[in-house]
file final.cif (mmCIF, C-alpha atoms and all ligand atoms)
data_final
#
loop_
_atom_site.label_atom_id
_atom_site.label_comp_id
_atom_site.auth_asym_id
_atom_site.auth_seq_id
_atom_site.Cartn_x
_atom_site.Cartn_y
_atom_site.Cartn_z
CA MET A 17 -4.26 -20.39 33.34
CA ILE A 18 -6.59 -17.42 33.63
CA THR A 19 -9.57 -16.95 31.31
CA VAL A 20 -11.57 -13.75 31.18
CA LEU A 21 -15.21 -14.17 30.16
CA ARG A 22 -16.69 -11.00 28.72
CA ILE A 23 -20.51 -11.10 28.49
CA GLY A 24 -23.13 -8.69 27.13
CA HIS A 25 -20.81 -7.48 24.34
CA ARG A 26 -22.66 -5.48 21.70
CA PRO A 27 -20.38 -5.22 18.65
CA PHE A 28 -22.03 -2.00 17.42
CA ARG A 29 -21.67 -0.19 20.81
CA ASP A 30 -18.95 -1.82 22.88
CA LYS A 31 -16.09 -2.17 20.40
CA ARG A 32 -13.75 0.12 22.27
CA ILE A 33 -14.55 -0.97 25.81
CA THR A 34 -14.42 -4.71 25.01
CA THR A 35 -11.09 -4.13 23.25
CA HIS A 36 -9.91 -2.50 26.48
CA VAL A 37 -11.20 -5.45 28.53
CA ALA A 38 -9.15 -7.73 26.23
CA LEU A 39 -6.02 -5.55 26.41
CA VAL A 40 -6.23 -5.30 30.19
CA SER A 41 -6.66 -9.10 30.36
CA ARG A 42 -3.50 -9.56 28.29
CA ALA A 43 -1.39 -6.88 29.99
CA PHE A 44 -2.39 -7.90 33.51
CA GLY A 45 -1.55 -11.58 33.17
CA ALA A 46 -4.61 -13.44 31.82
CA ASP A 47 -4.04 -16.05 29.10
CA ARG A 48 -7.18 -15.73 27.01
CA ILE A 49 -10.51 -14.00 26.67
CA LEU A 50 -13.87 -15.42 25.65
CA VAL A 51 -16.48 -12.98 24.33
CA ASP A 52 -20.14 -14.00 23.98
CA GLU A 53 -21.01 -12.17 20.73
CA LYS A 54 -19.09 -12.98 17.53
CA ASP A 55 -16.91 -10.00 16.60
CA GLU A 56 -14.21 -10.56 13.99
CA THR A 57 -12.98 -6.96 14.08
CA LEU A 58 -12.36 -7.31 17.80
CA GLU A 59 -10.56 -10.63 17.27
CA ASN A 60 -8.33 -9.08 14.59
CA THR A 61 -7.46 -6.08 16.78
CA VAL A 62 -6.41 -8.32 19.67
CA HIS A 63 -4.46 -10.69 17.37
CA LYS A 64 -2.58 -7.73 15.93
CA VAL A 65 -1.60 -6.41 19.38
CA THR A 66 -0.35 -9.85 20.42
CA GLU A 67 1.51 -10.29 17.13
CA ASN A 68 3.24 -6.93 17.52
CA PHE A 69 3.83 -6.84 21.26
CA GLY A 70 4.36 -10.57 21.93
CA GLY A 71 3.08 -13.25 24.25
CA SER A 72 0.55 -15.97 23.56
CA PHE A 73 -2.71 -14.31 24.54
CA SER A 74 -5.72 -15.66 22.63
CA ILE A 75 -9.27 -14.55 21.93
CA GLU A 76 -12.42 -16.40 20.94
CA SER A 77 -15.75 -14.70 20.29
CA GLY A 78 -19.21 -16.06 19.62
CA ILE A 79 -19.39 -18.52 22.52
CA ASN A 80 -22.19 -19.68 24.82
CA TRP A 81 -21.20 -17.83 27.98
CA LYS A 82 -23.49 -19.74 30.36
CA LYS A 83 -22.17 -23.09 29.18
CA GLU A 84 -18.53 -21.90 29.37
CA PHE A 85 -19.04 -20.52 32.88
CA ARG A 86 -21.07 -23.44 34.20
CA ASP A 87 -18.86 -26.20 32.73
CA PHE A 88 -15.53 -24.49 33.54
CA LYS A 89 -13.17 -26.83 35.38
CA GLY A 90 -11.67 -24.51 37.93
CA ILE A 91 -12.53 -21.51 40.09
CA LYS A 92 -15.27 -19.18 38.86
CA VAL A 93 -15.27 -15.50 39.81
CA ASN A 94 -17.94 -12.95 38.89
CA LEU A 95 -16.81 -9.32 39.24
CA SER A 96 -19.75 -7.26 40.43
CA MET A 97 -20.42 -4.19 42.57
CA TYR A 98 -22.93 -6.37 44.46
CA GLY A 99 -20.29 -8.89 45.57
CA VAL A 100 -18.07 -9.20 48.65
CA ASN A 101 -15.17 -6.76 48.75
CA VAL A 102 -12.01 -8.05 47.08
CA ASP A 103 -9.76 -7.56 50.12
CA ASP A 104 -11.99 -9.81 52.22
CA ARG A 105 -11.68 -12.71 49.77
CA ILE A 106 -8.45 -12.37 47.80
CA GLU A 107 -6.34 -14.45 50.23
CA SER A 108 -8.75 -17.40 50.06
CA ILE A 109 -9.05 -17.05 46.26
CA ARG A 110 -5.25 -17.09 45.93
CA LYS A 111 -5.01 -20.16 48.13
CA ILE A 112 -7.83 -22.08 46.50
CA THR A 113 -6.68 -21.30 42.92
CA GLU A 114 -3.09 -22.51 43.47
CA GLY A 115 -2.41 -24.91 40.57
CA LYS A 116 -6.00 -24.50 39.31
CA ASP A 117 -7.48 -22.64 36.36
CA ILE A 118 -9.58 -19.59 37.00
CA ILE A 119 -12.29 -17.85 34.99
CA VAL A 120 -13.24 -14.23 35.66
CA LEU A 121 -16.57 -12.95 34.36
CA VAL A 122 -17.16 -9.27 33.59
CA GLY A 123 -20.40 -7.83 32.23
CA ALA A 124 -21.37 -4.88 30.06
CA GLU A 125 -24.89 -3.77 31.00
CA LYS A 126 -27.14 -5.72 33.35
CA VAL A 127 -25.62 -9.07 34.24
CA PRO A 128 -28.12 -12.00 34.39
CA ILE A 129 -28.69 -13.53 37.84
CA ASP A 130 -27.34 -16.91 36.58
CA ALA A 131 -23.82 -15.43 36.62
CA TYR A 132 -24.17 -14.73 40.36
CA ASN A 133 -25.52 -18.20 41.07
CA ILE A 134 -22.95 -20.16 39.03
CA ALA A 135 -19.93 -18.21 40.43
CA ASP A 136 -17.85 -19.58 43.32
CA PHE A 137 -17.06 -15.98 44.27
CA ASN A 138 -18.95 -12.75 43.57
CA ILE A 139 -16.26 -10.14 44.07
CA ALA A 140 -16.67 -6.39 44.34
CA ILE A 141 -13.93 -3.84 43.79
CA SER A 142 -15.69 -1.49 46.19
CA ASN A 143 -19.50 -1.55 46.19
CA GLN A 144 -19.71 1.52 43.97
CA PRO A 145 -20.55 1.29 40.28
CA HIS A 146 -17.63 1.87 37.91
CA SER A 147 -16.30 -0.14 34.98
CA GLU A 148 -15.44 -3.68 33.88
CA VAL A 149 -12.03 -2.42 32.72
CA SER A 150 -10.99 -1.03 36.09
CA ALA A 151 -12.62 -3.89 38.04
CA LEU A 152 -10.71 -6.47 36.00
CA ALA A 153 -7.39 -4.62 36.25
CA ILE A 154 -7.60 -4.27 40.01
CA PHE A 155 -8.73 -7.86 40.53
CA LEU A 156 -5.85 -9.32 38.45
CA ASP A 157 -3.35 -6.98 40.07
CA ARG A 158 -4.50 -8.04 43.55
CA LEU A 159 -4.47 -11.71 42.54
CA TYR A 160 -0.87 -11.53 41.21
CA LYS A 161 0.26 -9.06 43.91
CA GLY A 162 1.52 -6.76 41.14
CA LYS A 163 3.98 -9.33 39.75
CA GLU A 164 2.18 -9.44 36.37
CA LEU A 165 3.65 -6.02 35.58
CA GLU A 166 7.15 -7.54 35.42
CA LYS A 167 6.26 -10.05 32.69
CA LYS A 168 8.49 -9.98 29.57
CA TYR A 169 6.76 -10.27 26.19
CA GLU A 170 9.41 -10.07 23.43
CA GLY A 171 7.21 -9.11 20.52
CA LYS A 172 8.03 -7.52 17.18
CA MET A 173 7.77 -4.15 18.94
CA ASN A 174 9.38 -3.60 22.31
CA VAL A 175 8.99 -0.43 24.31
CA VAL A 176 12.16 0.92 25.87
CA PRO A 177 11.18 2.62 29.16
CA MET A 178 12.20 6.27 29.05
CA GLU A 179 12.14 9.05 31.62
CA HIS A 180 11.37 11.51 28.80
CA GLY A 181 10.27 11.03 25.20
CA LYS A 182 9.38 7.62 23.79
CA MET A 183 11.22 4.80 22.11
CA VAL A 184 10.09 1.55 20.54
CA LYS A 185 12.62 -0.99 19.26
CA PHE A 186 11.32 -3.26 16.53
CA ILE A 187 12.05 -6.51 14.75
CA PRO A 188 11.64 -5.88 11.01
CA ASP A 189 9.75 -8.46 8.95
CA GLU A 190 10.97 -9.69 5.55
CA GLN A 191 9.67 -6.69 3.64
CA GLN A 192 10.98 -4.15 6.15
CA SER A 193 14.38 -5.88 6.23
CA MET A 194 14.68 -5.74 2.43
CA LYS A 195 13.68 -2.06 2.51
CA LEU A 196 16.41 -1.38 5.09
CA LEU A 197 18.95 -3.22 2.93
CA TYR A 198 18.14 -1.23 -0.19
CA GLU A 199 17.83 2.10 1.64
CA SER A 200 21.32 1.66 3.07
CA GLY A 201 22.70 1.16 -0.43
CA SER A 202 23.10 -2.63 -0.66
CA ASP A 203 23.95 -3.82 -4.16
CA GLU A 204 22.81 -7.01 -5.92
CA ARG A 205 25.92 -8.85 -4.72
CA ILE A 206 24.99 -8.29 -1.06
CA VAL A 207 21.31 -9.04 -1.70
CA SER A 208 21.99 -12.34 -3.49
CA HIS A 209 24.40 -13.44 -0.73
CA VAL A 210 21.99 -12.61 2.13
CA THR A 211 19.15 -14.30 0.24
CA THR A 212 21.09 -17.58 0.22
CA VAL A 213 22.03 -17.16 3.91
CA TYR A 214 18.36 -16.44 4.61
CA ASN A 215 17.23 -19.66 2.84
CA LEU A 216 19.74 -21.77 4.75
CA SER A 217 19.08 -20.03 8.08
CA MET A 218 15.33 -20.57 7.65
CA ALA A 219 15.84 -24.28 6.96
CA ILE A 220 18.14 -24.70 9.98
CA GLY A 221 15.86 -22.51 12.11
CA ARG A 222 12.85 -24.72 11.38
CA TYR A 223 14.73 -27.87 12.41
CA ALA A 224 16.03 -26.13 15.54
CA ARG A 225 12.63 -24.60 16.43
CA ALA A 226 14.23 -21.17 16.56
CA ASP A 227 12.38 -17.87 16.81
CA MET A 228 11.74 -17.41 13.08
CA LYS A 229 11.07 -13.66 13.21
CA LEU A 230 14.65 -13.24 14.50
CA ILE A 231 16.01 -15.60 11.84
CA VAL A 232 14.28 -13.62 9.07
CA ALA A 233 15.59 -10.22 10.19
CA GLY A 234 19.01 -11.45 11.36
CA SER A 235 19.84 -13.37 8.20
CA LEU A 236 18.63 -10.68 5.79
CA LEU A 237 20.42 -7.91 7.67
CA HIS A 238 23.62 -9.67 8.75
CA ASP A 239 25.72 -8.04 6.02
CA ILE A 240 24.08 -4.61 5.91
CA GLY A 241 27.38 -3.20 7.25
CA ARG A 242 29.06 -4.13 3.95
CA THR A 243 27.53 -0.94 2.58
CA LYS A 244 30.10 0.81 4.81
CA THR A 245 33.07 -1.56 4.77
CA ASN A 246 33.95 -4.98 3.42
CA GLY A 247 36.59 -5.52 6.09
CA ILE A 248 36.39 -7.36 9.42
CA GLY A 249 34.55 -4.34 10.85
CA HIS A 250 31.45 -4.85 8.66
CA ALA A 251 29.53 -6.65 11.44
CA VAL A 252 30.15 -3.76 13.86
CA ALA A 253 29.24 -1.23 11.15
CA GLY A 254 26.01 -3.15 10.47
CA ALA A 255 25.12 -3.34 14.16
CA ASP A 256 25.72 0.40 14.61
CA LEU A 257 23.63 1.23 11.55
CA LEU A 258 20.74 -0.89 12.87
CA ARG A 259 20.95 0.57 16.40
CA GLU A 260 20.60 4.03 14.85
CA ARG A 261 17.39 2.82 13.20
CA ASN A 262 15.89 1.48 16.48
CA ILE A 263 16.16 -2.17 15.52
CA ASP A 264 15.73 -4.50 18.50
CA GLU A 265 18.92 -5.69 20.23
CA SER A 266 17.91 -9.33 19.62
CA VAL A 267 18.47 -8.67 15.88
CA VAL A 268 21.39 -6.25 16.25
CA ARG A 269 23.36 -8.87 18.20
CA ILE A 270 22.83 -11.47 15.47
CA VAL A 271 24.49 -9.03 13.08
CA GLU A 272 27.25 -8.02 15.51
CA ARG A 273 28.19 -11.64 16.34
CA HIS A 274 27.97 -13.31 12.92
CA THR A 275 31.68 -13.29 11.97
CA GLY A 276 32.97 -16.88 11.73
CA ALA A 277 31.79 -18.67 14.84
CA GLY A 278 32.45 -15.53 16.83
CA ILE A 279 35.57 -13.53 17.65
CA LEU A 280 37.29 -13.95 21.03
CA PRO A 281 38.08 -10.79 23.08
CA ASP A 282 41.87 -10.94 22.47
CA GLU A 283 41.37 -11.54 18.74
CA ALA A 284 38.94 -8.60 18.59
CA LYS A 285 41.50 -6.40 20.31
CA LYS A 286 44.22 -7.39 17.82
CA LEU A 287 41.83 -6.70 14.95
CA GLY A 288 41.15 -3.23 16.34
CA LEU A 289 37.44 -3.88 16.93
CA PRO A 290 35.58 -1.96 19.65
CA ASP A 291 35.44 -3.68 23.04
CA ARG A 292 32.18 -5.69 22.68
CA ASN A 293 31.04 -9.32 22.84
CA TYR A 294 31.39 -10.99 19.42
CA ILE A 295 30.58 -14.54 20.46
CA PRO A 296 27.15 -15.78 19.28
CA GLU A 297 25.15 -16.80 22.35
CA THR A 298 21.49 -17.26 21.46
CA LEU A 299 20.28 -20.04 19.17
CA GLU A 300 19.38 -17.50 16.48
CA GLU A 301 22.81 -15.78 16.71
CA LYS A 302 24.48 -19.17 16.26
CA ILE A 303 22.26 -20.22 13.34
CA VAL A 304 22.83 -17.09 11.26
CA ALA A 305 26.59 -17.14 11.95
CA GLN A 306 26.89 -20.77 10.89
CA ALA A 307 24.58 -20.42 7.87
CA ASP A 308 26.83 -17.55 6.74
CA ASN A 309 29.87 -19.81 7.24
CA LEU A 310 28.25 -22.31 4.87
CA VAL A 311 27.61 -19.79 2.11
CA SER A 312 30.30 -18.46 -0.21
CA GLY A 313 28.97 -15.61 -2.36
CA LYS A 314 25.56 -16.96 -3.28
CA THR A 315 26.56 -20.63 -3.20
CA ILE A 316 26.03 -23.08 -0.36
CA VAL A 317 29.25 -24.93 0.50
CA THR A 318 30.06 -27.79 2.86
CA LEU A 319 31.65 -27.55 6.30
CA ALA A 320 34.79 -29.16 4.84
CA ASP A 321 35.03 -26.43 2.16
CA THR A 322 34.72 -23.72 4.80
CA ILE A 323 37.29 -25.29 7.10
CA ASP A 324 39.76 -25.59 4.18
CA ARG A 325 39.22 -21.94 3.29
CA TYR A 326 39.91 -20.84 6.89
CA ARG A 327 42.98 -23.08 7.25
CA LEU A 328 44.43 -21.78 3.97
CA GLN A 329 44.25 -18.29 5.47
CA GLY A 330 46.09 -19.54 8.58
CA LEU A 331 42.95 -19.21 10.71
CA LYS A 332 43.30 -22.53 12.54
CA GLU A 333 41.47 -21.68 15.78
CA PRO A 334 38.52 -19.91 14.15
CA ALA A 335 38.22 -22.99 11.88
CA GLU A 336 38.01 -25.23 14.96
CA ARG A 337 35.30 -23.02 16.45
CA ILE A 338 33.27 -23.26 13.23
CA LYS A 339 33.58 -27.07 13.38
CA LYS A 340 32.39 -27.04 17.00
CA LEU A 341 29.44 -24.76 16.24
CA HIS A 342 28.48 -26.97 13.29
CA LYS A 343 28.41 -30.01 15.58
CA GLU A 344 26.44 -28.19 18.28
CA LEU A 345 23.76 -26.96 15.87
CA SER A 346 23.57 -30.31 14.05
CA GLU A 347 22.77 -31.90 17.41
CA VAL A 348 20.07 -29.32 18.14
CA CYS A 349 18.55 -29.94 14.68
CA GLY A 350 18.84 -33.73 14.90
CA LYS A 351 20.42 -33.58 11.43
CA ASP A 352 23.81 -32.55 10.07
CA LEU A 353 23.73 -28.99 8.75
CA ASP A 354 25.42 -30.15 5.51
CA GLU A 355 22.44 -32.46 4.93
CA ILE A 356 19.99 -29.65 5.66
CA ALA A 357 21.90 -27.54 3.16
CA MET A 358 21.65 -30.32 0.57
CA GLU A 359 17.86 -30.36 0.97
CA ILE A 360 17.79 -26.71 -0.18
CA ASN A 361 20.14 -27.37 -3.07
CA SER A 362 18.13 -30.32 -4.37
N1 LIG B 1 -25.56 -2.86 37.20
C1 LIG B 1 -24.77 -3.71 36.41
C2 LIG B 1 -24.71 -5.13 36.96
O1 LIG B 1 -25.62 -5.85 36.68
O2 LIG B 1 -23.77 -5.54 37.59
C3 LIG B 1 -23.40 -3.06 36.29
C4 LIG B 1 -22.80 -3.30 35.01
S1 LIG B 1 -21.25 -2.46 34.90
C5 LIG B 1 -21.55 -1.14 33.80
C6 LIG B 1 -20.32 -3.55 33.92
C7 LIG B 1 -19.42 -4.47 34.66
O3 LIG B 1 -18.46 -3.73 35.34
C8 LIG B 1 -20.04 -5.35 35.68
O4 LIG B 1 -20.66 -6.49 35.16
C9 LIG B 1 -18.83 -5.72 36.53
O5 LIG B 1 -18.16 -6.81 35.98
C10 LIG B 1 -17.97 -4.47 36.44
N2 LIG B 1 -18.08 -3.62 37.63
C11 LIG B 1 -18.55 -2.37 37.70
N3 LIG B 1 -18.44 -1.89 38.94
C12 LIG B 1 -17.88 -2.86 39.69
C13 LIG B 1 -17.50 -2.98 41.05
N4 LIG B 1 -17.68 -2.00 41.90
N5 LIG B 1 -16.91 -4.13 41.45
C14 LIG B 1 -16.71 -5.14 40.59
N6 LIG B 1 -17.07 -5.08 39.31
C15 LIG B 1 -17.64 -3.97 38.85
#
call {"tool": "encode", "arguments": {"input": "final.cif", "output": "structure tokens"}}
result
Amino acid sequence: MITVLRIGHRPFRDKRITTHVALVSRAFGADRILVDEKDETLENTVHKVTENFGGSFSIESGINWKKEFRDFKGIKVNLSMYGVNVDDRIESIRKITEGKDIIVLVGAEKVPIDAYNIADFNIAISNQPHSEVSALAIFLDRLYKGKELEKKYEGKMNVVPMEHGKMVKFIPDEQQSMKLLYESGSDERIVSHVTTVYNLSMAIGRYARADMKLIVAGSLLHDIGRTKTNGIGHAVAGADLLRERNIDESVVRIVERHTGAGILPDEAKKLGLPDRNYIPETLEEKIVAQADNLVSGKTIVTLADTIDRYRLQGLKEPAERIKKLHKELSEVCGKDLDEIAMEINS
């Protein structure tokens, strides 16, 4: 665990640069930042970035920096132009910090001499004066040997790397999902059905400790393709519609794979569906598919009701797959999905 300790922060002057220290900490692999002066605006800005772009980076401001630095259980580094050059110490720091926590102090204006005396290492990124932002970035990059740049975040907004132009895929929240539904022409019948699927998916998702932002978007949007067709192709139509609107693949796939407990490749071929994977794979894909199986119109039904309905249509194998998925998810939840459904109904 890496903590960055930012000292000498003056909320009225340093808002932008301390925000950058925090963003560099997060993007270059640190886990949290402590800032000496209380600054709620700064905290909110950093929380918002983490909420949107993912990860578990945290911030705390208004702390006693000397106490935090002195009492820190782990390796203490002070970044300063007066220190020993990074390349002469980085190997020993890497070795000594293996399996240990590390705290990295960066200053704003003049750094008190206590910081130099408490530190295990006073490290310079060249002995020329520059900036806490660059010093921190280079130190973390050297420490991780560049590997921190490969970290995956999976936030609500995910940048798609592009040679030209720019693209961000996003996971819509409840309000944005409802807006998408209405904008694409969903009627009250679709909205009342997806609302019930949403309620059941949320209940199952909580038991299963699923990623709830995916459950929200996936359940509300799973039938958006019904604005184009009510046939077997509505999941594909919905997925295509969402891809056009830059919705993240993690949500699009929930929509694309929600039919029954999935459609096997040979079945998909017979049904004339495009050559794609229609089997739910992630926990969230499975939850929304099965919640939908347990909702008829706007009413929650039992597994037995659903199986009967499938069998009556001659869909024996798909019925078996639904049974299997029900069992799998009930095990994950530690409770039968029919019982979870009853909790909503009562
Ligand atoms: N003269 C100040 C001092 O007491 O160190 C310099 C403050 S400088 C504007 C702000 C911070 O940038 C420093 O506390 C240090 O963390 C970082 N910094 C600037 N130049 C650096 C360098 N060459 N190597 C390491 N850190 C540096």
call {"tool": "atom_distance", "arguments": {"input": "final.cif", "atom1": "atom CA of A:Glu359", "atom2": "atom CA of A:Ile295"}}
result
28.1 Å
call {"tool": "closest_residue", "arguments": {"input": "final.cif", "among": "A:Ala305, A:Ile360, A:Ala284, A:Ile33", "to": "A:His342", "atoms": "all atoms listed in the file"}}
result
A:Ala305
call {"tool": "residues_near_point", "arguments": {"input": "final.cif", "point": "(35.5, -10.6, 19.7)", "cutoff": "8 Å", "atoms": "all atoms listed in the file", "output": "VMD selection string"}}
result
chain A and resid 278 to 285 289 291 to 295
call {"tool": "write_last_selection", "arguments": {"input": "final.cif", "atoms": "C-alpha atoms", "output": "PDB file, in the frame of the given file"}}
result
ATOM      1  CA  GLY A 278      32.450 -15.530  16.830  1.00  0.00           C
ATOM      2  CA  ILE A 279      35.570 -13.530  17.650  1.00  0.00           C
ATOM      3  CA  LEU A 280      37.290 -13.950  21.030  1.00  0.00           C
ATOM      4  CA  PRO A 281      38.080 -10.790  23.080  1.00  0.00           C
ATOM      5  CA  ASP A 282      41.870 -10.940  22.470  1.00  0.00           C
ATOM      6  CA  GLU A 283      41.370 -11.540  18.740  1.00  0.00           C
ATOM      7  CA  ALA A 284      38.940  -8.600  18.590  1.00  0.00           C
ATOM      8  CA  LYS A 285      41.500  -6.400  20.310  1.00  0.00           C
ATOM      9  CA  LEU A 289      37.440  -3.880  16.930  1.00  0.00           C
ATOM     10  CA  ASP A 291      35.440  -3.680  23.040  1.00  0.00           C
ATOM     11  CA  ARG A 292      32.180  -5.690  22.680  1.00  0.00           C
ATOM     12  CA  ASN A 293      31.040  -9.320  22.840  1.00  0.00           C
ATOM     13  CA  TYR A 294      31.390 -10.990  19.420  1.00  0.00           C
ATOM     14  CA  ILE A 295      30.580 -14.540  20.460  1.00  0.00           C
TER      15      ILE A 295
END
call {"tool": "residues_around", "arguments": {"input": "final.cif", "residues": "stretch 257-260 of chain A", "least_positions_apart": "5", "cutoff": "9 Å", "atoms": "all atoms listed in the file", "output": "number ranges by chain"}}
result
A: 185, 196, 200, 237, 240-241, 252, 265, 267-268, 271
call {"tool": "closest_atom_pairs", "arguments": {"input": "final.cif", "of": "chain A", "to": "ligand LIG 1 (chain B)", "cutoff": "6 Å", "atoms": "all atoms listed in the file", "output": "CSV"}}
result
residue,atom,partner,partner_atom,distance
A:Leu95,CA,B:LIG1,N6,4.2
A:Ser96,CA,B:LIG1,N6,3.6
A:Met97,CA,B:LIG1,C13,3.5
A:Val122,CA,B:LIG1,O5,3.6
A:Gly123,CA,B:LIG1,O4,3.2
A:Ala124,CA,B:LIG1,C6,4.2
A:Glu125,CA,B:LIG1,C4,4.5
A:Lys126,CA,B:LIG1,O1,3.7
A:Val127,CA,B:LIG1,O1,4.0
A:Ala140,CA,B:LIG1,N5,3.7
A:Ile141,CA,B:LIG1,N5,3.8
A:Ser142,CA,B:LIG1,N4,4.8
A:Asn143,CA,B:LIG1,N4,4.7
A:Gln144,CA,B:LIG1,N4,4.6
A:Pro145,CA,B:LIG1,N3,4.0
A:His146,CA,B:LIG1,N3,4.0
A:Ser147,CA,B:LIG1,C11,4.2
A:Glu148,CA,B:LIG1,O3,3.4
A:Ala151,CA,B:LIG1,N6,4.8
call {"tool": "closest_residue", "arguments": {"input": "final.cif", "among": "A:His209, A:Lys332, A:Arg86, A:Arg110", "to": "A:Ser235", "atoms": "only C-alpha atoms"}}
result
A:His209
call {"tool": "decode", "arguments": {"input": "final.cif", "residues": "stretch 269-297 of chain A", "atoms": "C-alpha atoms", "output": "PDB file, in the first residue's frame"}}
result
ATOM      1  CA  ARG A 269     -23.032  -7.717 -23.125  1.00  0.00           C
ATOM      2  CA  ILE A 270     -25.599  -8.005 -20.323  1.00  0.00           C
ATOM      3  CA  VAL A 271     -28.200  -6.904 -22.862  1.00  0.00           C
ATOM      4  CA  GLU A 272     -26.855  -9.098 -25.682  1.00  0.00           C
ATOM      5  CA  ARG A 273     -26.745 -12.249 -23.512  1.00  0.00           C
ATOM      6  CA  HIS A 274     -29.983 -11.960 -21.539  1.00  0.00           C
ATOM      7  CA  THR A 275     -32.201 -14.285 -23.607  1.00  0.00           C
ATOM      8  CA  GLY A 276     -33.211 -17.322 -21.508  1.00  0.00           C
ATOM      9  CA  ALA A 277     -30.051 -18.613 -19.876  1.00  0.00           C
ATOM     10  CA  GLY A 278     -28.166 -17.844 -23.066  1.00  0.00           C
ATOM     11  CA  ILE A 279     -28.352 -19.144 -26.619  1.00  0.00           C
ATOM     12  CA  LEU A 280     -25.878 -21.774 -27.849  1.00  0.00           C
ATOM     13  CA  PRO A 281     -23.985 -21.102 -31.130  1.00  0.00           C
ATOM     14  CA  ASP A 282     -25.927 -23.715 -33.168  1.00  0.00           C
ATOM     15  CA  GLU A 283     -29.270 -22.464 -31.809  1.00  0.00           C
ATOM     16  CA  ALA A 284     -28.274 -18.876 -32.660  1.00  0.00           C
ATOM     17  CA  LYS A 285     -27.405 -19.960 -36.186  1.00  0.00           C
ATOM     18  CA  LYS A 286     -30.788 -21.677 -36.638  1.00  0.00           C
ATOM     19  CA  LEU A 287     -32.527 -18.572 -35.301  1.00  0.00           C
ATOM     20  CA  GLY A 288     -30.688 -16.442 -37.853  1.00  0.00           C
ATOM     21  CA  LEU A 289     -28.859 -14.363 -35.230  1.00  0.00           C
ATOM     22  CA  PRO A 290     -25.493 -12.780 -36.065  1.00  0.00           C
ATOM     23  CA  ASP A 291     -22.446 -14.867 -35.157  1.00  0.00           C
ATOM     24  CA  ARG A 292     -21.778 -13.630 -31.578  1.00  0.00           C
ATOM     25  CA  ASN A 293     -21.536 -15.075 -28.068  1.00  0.00           C
ATOM     26  CA  TYR A 294     -24.983 -15.188 -26.423  1.00  0.00           C
ATOM     27  CA  ILE A 295     -24.029 -17.120 -23.297  1.00  0.00           C
ATOM     28  CA  PRO A 296     -24.000 -15.015 -20.096  1.00  0.00           C
ATOM     29  CA  GLU A 297     -20.513 -15.231 -18.593  1.00  0.00           C
TER      30      GLU A 297
END
